[in-house]
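K.L.:
Sharing a structure below in structure tokens format, with a few things to ask.
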Amino acid sequence: MAKGEQGAGKSTGCRVISSLIDPRTSALRGVPREVRDLTAAAQNSWLVCFDNLSRLPEELADAACRLATGGGFGGWELYSDHDEAIFDATRPLVFNAIPDLGTARPDFLDRTLIVEFLSVTPEVRRDEAQFWSEFSERRPGILGALLDAAVAGLRNLPQVKLERPPRLADFARWVSACEEALNMKPGEAMAACRANSAEARDLALEASPLYVPLAALAREGFTGTVAELRVRLDSMVSEAMRRSVRWPKAPNVLGNALRRMATNLRAAGIELQFSRNNEYGRRMVSVLPAAQVGETPSVAVSDRQ
């Protein structure tokens with residue numbers, strides 16, 4: 001995800017990436033109207049870039065999660081009532097936006113690398129013609145460096161071992177295998193990935209109105225039904241917040257939100273435990289301090305030849 005203030009060069013950066021990875025396709029796209037449009041774009045591209053997004057629709061977030069880790073998309077074939085067409089692929093996607101996207105979807109942020117563009121000062125700003133002329137001259141060298149990194153990655157990948165692999169473990173192994181060609185020290189790539197994961201976690205938690213009351217509740221501990229937890233949380237926030245569309249107003253909505261947040265809450269020191277009361281068959285939830293506060297480290301160990 002590319003984010004930054006207006007005029008920071010996000011769209012130009014996306015065009016540069018696209019020209020290096022998949023120059024045959026349109027560099028930038030708008031938000032697809034439905035998942036089928038995204039599927040068609042992914043089927044005909046190796047890289048899909050979405051430009052100038054102001055929000056992330058739920059269906060697009062779900063489809064992006066499936067494309068990031070590999071998944072199938074199905075639908076009826078044209079002019080057929082019984083034949084289904086299946087498209088199964090894994091694709092990288094680039095989202096270009098000013099606001100933080102996906103803050104309500106921790107599962108989306110968990111699969112995201114966040115790149116923040118800094119403001120472009122007048123001293124370094126170029127017009128389009130000058131910029132692309134300079135980039136055209138340097139493009140072969142940049143592409144060659146990327147290919148050198150890919151070669152090093154293929155050579156080193158069998159020797160790379162990860163202790164306590166993170167989410168997207170295959171990506172973590174690959175980027176660690178490429179460190180040598182990118183002038184990075186062993187473990188430096190994973191340190192950057194951990195920092196990025198922490199930023200994504202903080203974005204998701206800061207955007208949730210449940211985080212602050214749950215953190216306060218974890219200090220004293222709570223065990224009860226989800227409905228009882230909702231009543232308790234209601235008592236800890238203002239009436240304006242309870243009326244907000246962001247606040248869960250039903251136990252099932254709260255339960256779904258808690259399950260989405262559970263991983264990030266655990267990393268922040270808050271443990272959610274879901275169970276069932278055998279006597280009455282009721283679903284219970286406990287809010288407790290996590291046994292170990294902080295993110296889980298992932299260290300790359302590589303015996304390069």
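If you're wondering about the labels, chains in the structure tokens are A, B, ... by order shown, residues count from 1 in each chain, ligands from 1 in order shown.
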Using only C-alpha atoms, determine which residues lie at most 9 Å from A:Arg260, disregarding the query and same-chain residues fewer than 6 positions distant; provide the list as a ChimeraX atom specification.
P.N.:
/A:105-107
K.L.:
What does the file look like for those residues with N, CA and C atoms, as a PDB file, in the first residue's frame?
P.N.:
ATOM      1  N   ARG A 105     -10.054  -3.594   8.629  1.00  0.00           N
ATOM      2  CA  ARG A 105      -9.850  -4.971   8.212  1.00  0.00           C
ATOM      3  C   ARG A 105      -8.437  -5.412   8.574  1.00  0.00           C
ATOM      4  N   PRO A 106      -8.224  -5.857   9.817  1.00  0.00           N
ATOM      5  CA  PRO A 106      -6.887  -6.298  10.208  1.00  0.00           C
ATOM      6  C   PRO A 106      -6.348  -7.430   9.343  1.00  0.00           C
ATOM      7  N   ASP A 107      -7.237  -8.293   8.813  1.00  0.00           N
ATOM      8  CA  ASP A 107      -6.770  -9.378   7.956  1.00  0.00           C
ATOM      9  C   ASP A 107      -6.170  -8.840   6.665  1.00  0.00           C
TER      10      ASP A 107
END
K.L.:
Give me, as JSON, numbers by chain, all polymer residues having an atom no more than 10 Å from stretch 10-20 of chain A, counting only C-alpha atoms and skipping those fewer than 3 positions away in the same chain.
P.N.:
{"A": [1, 2, 3, 4, 5, 6, 7, 23, 24, 25, 26, 27, 28, 46, 47, 48, 49, 50, 51, 52, 94, 95, 96, 97, 98, 115, 116, 117, 118, 119, 128, 131, 132, 135, 139, 140, 142, 143, 146]}
K.L.:
For the residues in that selection, give me N, CA and C atoms as an mmCIF file, in the first residue's frame.
P.N.:
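Writing the result to result10.cif gives the following:
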data_model
loop_
_atom_site.group_PDB
_atom_site.id
_atom_site.type_symbol
_atom_site.label_atom_id
_atom_site.label_comp_id
_atom_site.auth_asym_id
_atom_site.auth_seq_id
_atom_site.Cartn_x
_atom_site.Cartn_y
_atom_site.Cartn_z
ATOM 1 N N MET A 1 0.845 -1.174 0.000
ATOM 2 C CA MET A 1 0.000 0.000 0.000
ATOM 3 C C MET A 1 0.890 1.236 0.000
ATOM 4 N N ALA A 2 0.683 2.098 -0.973
ATOM 5 C CA ALA A 2 1.423 3.354 -1.054
ATOM 6 C C ALA A 2 0.552 4.454 -0.477
ATOM 7 N N LYS A 3 1.041 5.139 0.547
ATOM 8 C CA LYS A 3 0.264 6.214 1.134
ATOM 9 C C LYS A 3 1.147 7.445 1.293
ATOM 10 N N GLY A 4 0.515 8.596 1.414
ATOM 11 C CA GLY A 4 1.242 9.845 1.550
ATOM 12 C C GLY A 4 0.341 11.006 1.212
ATOM 13 N N GLU A 5 0.820 12.193 1.494
ATOM 14 C CA GLU A 5 0.005 13.378 1.241
ATOM 15 C C GLU A 5 -0.095 13.667 -0.254
ATOM 16 N N GLN A 6 -0.986 14.567 -0.576
ATOM 17 C CA GLN A 6 -1.186 14.942 -1.975
ATOM 18 C C GLN A 6 0.106 15.503 -2.571
ATOM 19 N N GLY A 7 0.430 15.043 -3.779
ATOM 20 C CA GLY A 7 1.626 15.533 -4.450
ATOM 21 C C GLY A 7 2.910 14.869 -4.010
ATOM 22 N N PRO A 23 5.056 -4.099 -17.904
ATOM 23 C CA PRO A 23 4.902 -2.902 -18.743
ATOM 24 C C PRO A 23 3.842 -3.018 -19.824
ATOM 25 N N ARG A 24 3.301 -4.220 -20.062
ATOM 26 C CA ARG A 24 2.355 -4.379 -21.158
ATOM 27 C C ARG A 24 0.936 -3.971 -20.793
ATOM 28 N N THR A 25 0.668 -3.743 -19.491
ATOM 29 C CA THR A 25 -0.689 -3.449 -19.061
ATOM 30 C C THR A 25 -0.813 -1.991 -18.638
ATOM 31 N N SER A 26 -2.055 -1.535 -18.504
ATOM 32 C CA SER A 26 -2.318 -0.195 -18.009
ATOM 33 C C SER A 26 -1.775 -0.056 -16.607
ATOM 34 N N ALA A 27 -1.014 1.017 -16.341
ATOM 35 C CA ALA A 27 -0.315 1.139 -15.068
ATOM 36 C C ALA A 27 -1.270 1.326 -13.899
ATOM 37 N N LEU A 28 -2.294 2.164 -14.063
ATOM 38 C CA LEU A 28 -3.155 2.520 -12.942
ATOM 39 C C LEU A 28 -4.612 2.240 -13.277
ATOM 40 N N TRP A 46 0.187 -9.221 -14.369
ATOM 41 C CA TRP A 46 1.018 -9.775 -13.300
ATOM 42 C C TRP A 46 1.037 -8.855 -12.093
ATOM 43 N N LEU A 47 0.678 -7.600 -12.294
ATOM 44 C CA LEU A 47 0.625 -6.623 -11.209
ATOM 45 C C LEU A 47 -0.575 -5.716 -11.460
ATOM 46 N N VAL A 48 -1.389 -5.523 -10.427
ATOM 47 C CA VAL A 48 -2.575 -4.677 -10.543
ATOM 48 C C VAL A 48 -2.405 -3.491 -9.603
ATOM 49 N N CYS A 49 -2.463 -2.269 -10.143
ATOM 50 C CA CYS A 49 -2.302 -1.048 -9.354
ATOM 51 C C CYS A 49 -3.618 -0.285 -9.318
ATOM 52 N N PHE A 50 -4.069 0.056 -8.121
ATOM 53 C CA PHE A 50 -5.278 0.850 -7.946
ATOM 54 C C PHE A 50 -4.874 2.235 -7.472
ATOM 55 N N ASP A 51 -5.335 3.255 -8.195
ATOM 56 C CA ASP A 51 -4.869 4.620 -7.976
ATOM 57 C C ASP A 51 -5.921 5.460 -7.272
ATOM 58 N N ASN A 52 -5.452 6.289 -6.324
ATOM 59 C CA ASN A 52 -6.265 7.346 -5.718
ATOM 60 C C ASN A 52 -7.525 6.802 -5.042
ATOM 61 N N VAL A 94 -1.159 -3.237 -5.751
ATOM 62 C CA VAL A 94 -0.694 -1.982 -5.189
ATOM 63 C C VAL A 94 -1.896 -1.067 -5.010
ATOM 64 N N PHE A 95 -2.065 -0.548 -3.803
ATOM 65 C CA PHE A 95 -3.137 0.388 -3.499
ATOM 66 C C PHE A 95 -2.520 1.746 -3.189
ATOM 67 N N ASN A 96 -2.935 2.758 -3.907
ATOM 68 C CA ASN A 96 -2.398 4.103 -3.771
ATOM 69 C C ASN A 96 -3.482 4.981 -3.154
ATOM 70 N N ALA A 97 -3.195 5.564 -1.984
ATOM 71 C CA ALA A 97 -4.230 6.317 -1.292
ATOM 72 C C ALA A 97 -3.610 7.360 -0.377
ATOM 73 N N ILE A 98 -4.375 8.406 -0.105
ATOM 74 C CA ILE A 98 -3.978 9.394 0.895
ATOM 75 C C ILE A 98 -4.345 8.907 2.294
ATOM 76 N N VAL A 115 4.129 1.436 2.365
ATOM 77 C CA VAL A 115 5.218 2.307 1.918
ATOM 78 C C VAL A 115 4.700 3.738 1.965
ATOM 79 N N GLU A 116 5.313 4.555 2.803
ATOM 80 C CA GLU A 116 4.862 5.945 2.936
ATOM 81 C C GLU A 116 5.746 6.857 2.097
ATOM 82 N N PHE A 117 5.112 7.611 1.209
ATOM 83 C CA PHE A 117 5.815 8.568 0.357
ATOM 84 C C PHE A 117 5.930 9.898 1.095
ATOM 85 N N LEU A 118 7.133 10.455 1.110
ATOM 86 C CA LEU A 118 7.356 11.756 1.724
ATOM 87 C C LEU A 118 7.028 12.863 0.738
ATOM 88 N N SER A 119 6.789 14.038 1.263
ATOM 89 C CA SER A 119 6.449 15.172 0.395
ATOM 90 C C SER A 119 7.629 15.506 -0.516
ATOM 91 N N GLU A 128 6.821 16.009 -15.982
ATOM 92 C CA GLU A 128 6.646 14.639 -16.470
ATOM 93 C C GLU A 128 7.681 14.276 -17.531
ATOM 94 N N PHE A 131 11.188 13.853 -15.980
ATOM 95 C CA PHE A 131 11.281 12.684 -15.105
ATOM 96 C C PHE A 131 11.349 11.399 -15.913
ATOM 97 N N TRP A 132 10.452 11.226 -16.871
ATOM 98 C CA TRP A 132 10.409 9.964 -17.613
ATOM 99 C C TRP A 132 11.599 9.835 -18.551
ATOM 100 N N PHE A 135 14.225 8.600 -16.167
ATOM 101 C CA PHE A 135 13.948 7.217 -15.775
ATOM 102 C C PHE A 135 14.252 6.252 -16.909
ATOM 103 N N ARG A 139 16.411 3.018 -16.403
ATOM 104 C CA ARG A 139 15.561 1.843 -16.276
ATOM 105 C C ARG A 139 16.322 0.534 -16.499
ATOM 106 N N PRO A 140 17.205 0.413 -17.507
ATOM 107 C CA PRO A 140 17.932 -0.860 -17.684
ATOM 108 C C PRO A 140 18.753 -1.249 -16.458
ATOM 109 N N ILE A 142 18.172 -0.352 -13.304
ATOM 110 C CA ILE A 142 17.266 -0.717 -12.216
ATOM 111 C C ILE A 142 16.720 -2.117 -12.437
ATOM 112 N N LEU A 143 16.314 -2.395 -13.679
ATOM 113 C CA LEU A 143 15.799 -3.726 -13.992
ATOM 114 C C LEU A 143 16.878 -4.785 -13.801
ATOM 115 N N LEU A 146 17.201 -5.592 -10.147
ATOM 116 C CA LEU A 146 16.107 -6.448 -9.699
ATOM 117 C C LEU A 146 16.334 -7.896 -10.125
#
K.L.:
What parts of stretch 21-172 of chain A does DSSP call helix (DSSP H, G or I)? I'd like the answer as a PyMOL selection string.
P.N.:
chain A and resi 21+35-43+58-69+106-109+128-159+169-172
K.L.:
If you count only C-alpha atoms, which residues fall within 12 Å of A:Phe222, apart from same-chain ones fewer than 5 positions away, as a ChimeraX atom specification?
P.N.:
/A:213-217,228-230,232-233,270-274,284-289
K.L.:
Print the selection's residues with C-alpha atoms to a file, as a CSV table (one decimal), in the first residue's frame.
P.N.:
chain,number,residue,atom,x,y,z
A,213,PRO,CA,-11.9,0.1,26.5
A,214,LEU,CA,-10.6,-3.5,25.9
A,215,ALA,CA,-7.1,-2.4,27.1
A,216,ALA,CA,-8.6,-1.0,30.3
A,217,LEU,CA,-10.8,-4.1,30.8
A,228,GLU,CA,-22.4,-9.3,28.8
A,229,LEU,CA,-19.1,-8.0,27.4
A,230,ARG,CA,-21.0,-5.6,25.1
A,232,ARG,CA,-19.7,-3.8,30.0
A,233,LEU,CA,-18.0,-2.0,27.1
A,270,ILE,CA,-4.4,-8.3,25.4
A,271,GLU,CA,-5.5,-11.9,25.2
A,272,LEU,CA,-9.0,-12.9,24.0
A,273,GLN,CA,-10.1,-16.5,24.9
A,274,PHE,CA,-13.3,-17.9,23.4
A,284,MET,CA,-18.0,-17.2,26.6
A,285,VAL,CA,-15.2,-14.8,26.1
A,286,SER,CA,-12.4,-13.8,28.5
A,287,VAL,CA,-10.4,-10.6,28.2
A,288,LEU,CA,-7.0,-11.0,30.0
A,289,PRO,CA,-3.5,-9.6,29.9
K.L.:
May I have all residues of stretch 48-264 of chain A that DSSP, computed from the backbone, assigns to strand (DSSP E or B), given as a PyMOL selection string?
P.N.:
chain A and resi 48-53+71-76+84-89+93-97+115-117+160-163+222-225
K.L.:
Those same residues - N, CA and C atoms - I'd like them written as a compact mmCIF listing (two decimals), in the first residue's frame.
P.N.:
# COMPACT_ATOMS: atom_id res chain seq x y z
N VAL A 48 -1.39 -5.52 -10.43
CA VAL A 48 -2.57 -4.68 -10.54
C VAL A 48 -2.40 -3.49 -9.60
N CYS A 49 -2.46 -2.27 -10.14
CA CYS A 49 -2.30 -1.05 -9.35
C CYS A 49 -3.62 -0.28 -9.32
N PHE A 50 -4.07 0.06 -8.12
CA PHE A 50 -5.28 0.85 -7.95
C PHE A 50 -4.87 2.23 -7.47
N ASP A 51 -5.33 3.26 -8.19
CA ASP A 51 -4.87 4.62 -7.98
C ASP A 51 -5.92 5.46 -7.27
N ASN A 52 -5.45 6.29 -6.32
CA ASN A 52 -6.26 7.35 -5.72
C ASN A 52 -7.53 6.80 -5.04
N LEU A 53 -7.34 5.80 -4.20
CA LEU A 53 -8.48 5.24 -3.47
C LEU A 53 -8.75 6.10 -2.23
N GLY A 71 -5.86 -17.91 -4.19
CA GLY A 71 -7.23 -18.35 -3.99
C GLY A 71 -7.96 -18.44 -5.31
N GLY A 72 -9.10 -19.08 -5.29
CA GLY A 72 -9.88 -19.27 -6.50
C GLY A 72 -11.07 -18.33 -6.56
N PHE A 73 -11.42 -17.95 -7.76
CA PHE A 73 -12.59 -17.13 -8.03
C PHE A 73 -13.42 -17.87 -9.08
N GLY A 74 -14.68 -18.04 -8.79
CA GLY A 74 -15.53 -18.78 -9.71
C GLY A 74 -16.73 -17.98 -10.15
N GLY A 75 -17.32 -18.40 -11.26
CA GLY A 75 -18.53 -17.76 -11.78
C GLY A 75 -19.05 -18.56 -12.96
N TRP A 76 -20.29 -18.29 -13.32
CA TRP A 76 -20.86 -19.00 -14.45
C TRP A 76 -20.24 -18.54 -15.75
N GLU A 84 -19.12 -23.78 -14.88
CA GLU A 84 -18.47 -22.78 -14.03
C GLU A 84 -17.03 -22.56 -14.50
N ALA A 85 -16.63 -21.29 -14.55
CA ALA A 85 -15.26 -20.93 -14.90
C ALA A 85 -14.51 -20.60 -13.61
N ILE A 86 -13.34 -21.20 -13.42
CA ILE A 86 -12.54 -20.99 -12.21
C ILE A 86 -11.24 -20.31 -12.58
N PHE A 87 -10.89 -19.26 -11.85
CA PHE A 87 -9.61 -18.59 -12.00
C PHE A 87 -8.89 -18.67 -10.66
N ASP A 88 -7.73 -19.31 -10.65
CA ASP A 88 -6.96 -19.51 -9.42
C ASP A 88 -5.59 -18.90 -9.61
N ALA A 89 -5.24 -17.92 -8.77
CA ALA A 89 -3.95 -17.25 -8.97
C ALA A 89 -3.53 -16.54 -7.70
N LEU A 93 -0.76 -6.76 -5.50
CA LEU A 93 -1.60 -5.62 -5.79
C LEU A 93 -1.03 -4.39 -5.10
N VAL A 94 -1.16 -3.24 -5.75
CA VAL A 94 -0.69 -1.98 -5.19
C VAL A 94 -1.90 -1.07 -5.01
N PHE A 95 -2.06 -0.55 -3.80
CA PHE A 95 -3.14 0.39 -3.50
C PHE A 95 -2.52 1.75 -3.19
N ASN A 96 -2.93 2.76 -3.91
CA ASN A 96 -2.40 4.10 -3.77
C ASN A 96 -3.48 4.98 -3.15
N ALA A 97 -3.19 5.56 -1.98
CA ALA A 97 -4.23 6.32 -1.29
C ALA A 97 -3.61 7.36 -0.38
N VAL A 115 4.13 1.44 2.37
CA VAL A 115 5.22 2.31 1.92
C VAL A 115 4.70 3.74 1.96
N GLU A 116 5.31 4.56 2.80
CA GLU A 116 4.86 5.95 2.94
C GLU A 116 5.75 6.86 2.10
N PHE A 117 5.11 7.61 1.21
CA PHE A 117 5.81 8.57 0.36
C PHE A 117 5.93 9.90 1.09
N VAL A 160 17.79 -20.81 3.32
CA VAL A 160 17.19 -19.85 4.26
C VAL A 160 16.23 -20.57 5.20
N LYS A 161 16.44 -20.41 6.48
CA LYS A 161 15.56 -20.97 7.50
C LYS A 161 15.06 -19.83 8.37
N LEU A 162 13.79 -19.86 8.70
CA LEU A 162 13.20 -18.82 9.54
C LEU A 162 12.82 -19.41 10.89
N GLU A 163 13.25 -18.75 11.94
CA GLU A 163 12.82 -19.12 13.28
C GLU A 163 11.52 -18.38 13.57
N PHE A 222 -11.84 -9.98 32.61
CA PHE A 222 -13.28 -10.14 32.40
C PHE A 222 -13.54 -11.51 31.82
N THR A 223 -14.61 -12.17 32.28
CA THR A 223 -15.09 -13.41 31.70
C THR A 223 -16.62 -13.38 31.72
N GLY A 224 -17.21 -13.63 30.59
CA GLY A 224 -18.67 -13.63 30.48
C GLY A 224 -19.08 -13.90 29.06
N THR A 225 -20.36 -13.79 28.79
CA THR A 225 -20.85 -13.96 27.42
C THR A 225 -20.51 -12.72 26.61
K.L.:
Tell me, as a count of residues only, which residues lie within 12 Å of A:Leu109, counting only C-alpha atoms; anything in the same chain fewer than 3 positions away does not count.
P.N.:
34
K.L.:
Atom CA of A:Leu157 and atom CA of A:Leu182, how far apart in Å?
P.N.:
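That distance, rounded to one decimal, is 14.6 Å.
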K.L.:
Report as a list in words all protein, DNA and RNA residues lying within 10 Å of A:Val231, evaluated on only C-alpha atoms, omitting residues in the same chain fewer than 4 positions from it.
P.N.:
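Contacts, with the query itself left out: Thr225, Val226, Ala227, Ser235, Met236, Lys249, Ala250 and Pro251 of chain A.
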K.L.:
Please list as an mmCIF file with N, CA and C atoms, in the first residue's frame every residue within 10 Å of A:Arg173, counting only C-alpha atoms and excluding residues in the same chain fewer than 2 positions away.
P.N.:
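Okay, around-v3.cif is ready:
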data_model
loop_
_atom_site.group_PDB
_atom_site.id
_atom_site.type_symbol
_atom_site.label_atom_id
_atom_site.label_comp_id
_atom_site.auth_asym_id
_atom_site.auth_seq_id
_atom_site.Cartn_x
_atom_site.Cartn_y
_atom_site.Cartn_z
ATOM 1 N N GLY A 153 18.217 -14.613 -4.922
ATOM 2 C CA GLY A 153 17.148 -15.238 -4.167
ATOM 3 C C GLY A 153 16.966 -16.697 -4.520
ATOM 4 N N ASN A 156 19.913 -18.639 -2.984
ATOM 5 C CA ASN A 156 19.987 -18.722 -1.521
ATOM 6 C C ASN A 156 18.751 -19.325 -0.873
ATOM 7 N N LEU A 157 17.655 -19.381 -1.595
ATOM 8 C CA LEU A 157 16.391 -19.779 -0.978
ATOM 9 C C LEU A 157 16.443 -21.143 -0.282
ATOM 10 N N PRO A 158 17.073 -22.162 -0.873
ATOM 11 C CA PRO A 158 17.077 -23.465 -0.176
ATOM 12 C C PRO A 158 17.798 -23.445 1.167
ATOM 13 N N GLN A 159 18.717 -22.484 1.373
ATOM 14 C CA GLN A 159 19.472 -22.439 2.622
ATOM 15 C C GLN A 159 18.833 -21.534 3.684
ATOM 16 N N VAL A 160 17.788 -20.805 3.323
ATOM 17 C CA VAL A 160 17.192 -19.852 4.261
ATOM 18 C C VAL A 160 16.228 -20.572 5.198
ATOM 19 N N LYS A 161 16.441 -20.412 6.484
ATOM 20 C CA LYS A 161 15.558 -20.968 7.499
ATOM 21 C C LYS A 161 15.056 -19.825 8.374
ATOM 22 N N LEU A 162 13.785 -19.859 8.695
ATOM 23 C CA LEU A 162 13.199 -18.822 9.539
ATOM 24 C C LEU A 162 12.817 -19.409 10.889
ATOM 25 N N PRO A 165 8.384 -18.401 11.876
ATOM 26 C CA PRO A 165 8.012 -17.669 10.658
ATOM 27 C C PRO A 165 6.790 -16.778 10.884
ATOM 28 N N PRO A 166 6.764 -15.603 10.248
ATOM 29 C CA PRO A 166 5.629 -14.695 10.390
ATOM 30 C C PRO A 166 4.524 -15.059 9.406
ATOM 31 N N LEU A 168 2.637 -14.763 5.966
ATOM 32 C CA LEU A 168 3.269 -14.687 4.639
ATOM 33 C C LEU A 168 4.714 -15.193 4.724
ATOM 34 N N ALA A 169 4.866 -16.391 5.254
ATOM 35 C CA ALA A 169 6.196 -16.945 5.496
ATOM 36 C C ALA A 169 6.980 -17.134 4.198
ATOM 37 N N ASP A 170 6.294 -17.490 3.099
ATOM 38 C CA ASP A 170 7.004 -17.673 1.830
ATOM 39 C C ASP A 170 7.632 -16.365 1.365
ATOM 40 N N PHE A 171 6.897 -15.265 1.507
ATOM 41 C CA PHE A 171 7.460 -13.956 1.152
ATOM 42 C C PHE A 171 8.647 -13.637 2.047
ATOM 43 N N VAL A 175 12.349 -12.717 0.542
ATOM 44 C CA VAL A 175 13.026 -11.433 0.706
ATOM 45 C C VAL A 175 14.320 -11.608 1.495
ATOM 46 N N SER A 176 14.349 -12.566 2.421
ATOM 47 C CA SER A 176 15.589 -12.849 3.156
ATOM 48 C C SER A 176 16.642 -13.449 2.228
ATOM 49 N N ALA A 177 16.205 -14.267 1.281
ATOM 50 C CA ALA A 177 17.155 -14.863 0.335
ATOM 51 C C ALA A 177 17.749 -13.824 -0.605
ATOM 52 N N CYS A 178 17.054 -12.710 -0.808
ATOM 53 C CA CYS A 178 17.530 -11.669 -1.730
ATOM 54 C C CYS A 178 18.406 -10.622 -1.042
ATOM 55 N N ALA A 189 16.181 -7.617 6.358
ATOM 56 C CA ALA A 189 14.892 -7.627 5.673
ATOM 57 C C ALA A 189 13.769 -8.016 6.622
ATOM 58 N N MET A 190 14.020 -9.020 7.472
ATOM 59 C CA MET A 190 12.998 -9.439 8.410
ATOM 60 C C MET A 190 12.748 -8.372 9.463
ATOM 61 N N ALA A 300 15.839 -14.407 10.469
ATOM 62 C CA ALA A 300 16.254 -15.192 9.322
ATOM 63 C C ALA A 300 17.653 -15.746 9.570
ATOM 64 N N VAL A 301 17.806 -17.034 9.357
ATOM 65 C CA VAL A 301 19.099 -17.682 9.490
ATOM 66 C C VAL A 301 19.461 -18.266 8.129
ATOM 67 N N SER A 302 20.559 -17.840 7.578
ATOM 68 C CA SER A 302 20.912 -18.251 6.231
ATOM 69 C C SER A 302 22.347 -18.712 6.174
#
K.L.:
Measure the distance from atom CA of A:Ala192 to atom CA of A:Asp148 in Å and round it to one decimal.
P.N.:
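Rounded to one decimal, the two atoms are 20.7 Å apart.
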K.L.:
Measuring atom to atom with only C-alpha atoms, identify which of A:Asn256, A:Cys193, A:Arg276, A:Arg242 is nearest to A:Asp110.
P.N.:
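Ranking A:Asn256, A:Cys193, A:Arg276, A:Arg242 by distance to A:Asp110, first place goes to A:Cys193.
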K.L.:
I'd like the neighbourhood of stretch 33-36 of chain A as a PDB file with C-alpha atoms, in the first residue's frame, where a residue qualifies if any of its atoms comes within 8 Å (using only C-alpha atoms), though same-chain residues fewer than 5 positions away should be ignored.
P.N.:
ATOM      1  CA  GLU A  59     -15.683  -7.033  -1.308  1.00  0.00           C
ATOM      2  CA  LEU A  60     -12.428  -5.628  -2.690  1.00  0.00           C
ATOM      3  CA  ALA A  63     -10.781 -10.441  -2.888  1.00  0.00           C
TER       4      ALA A  63
END
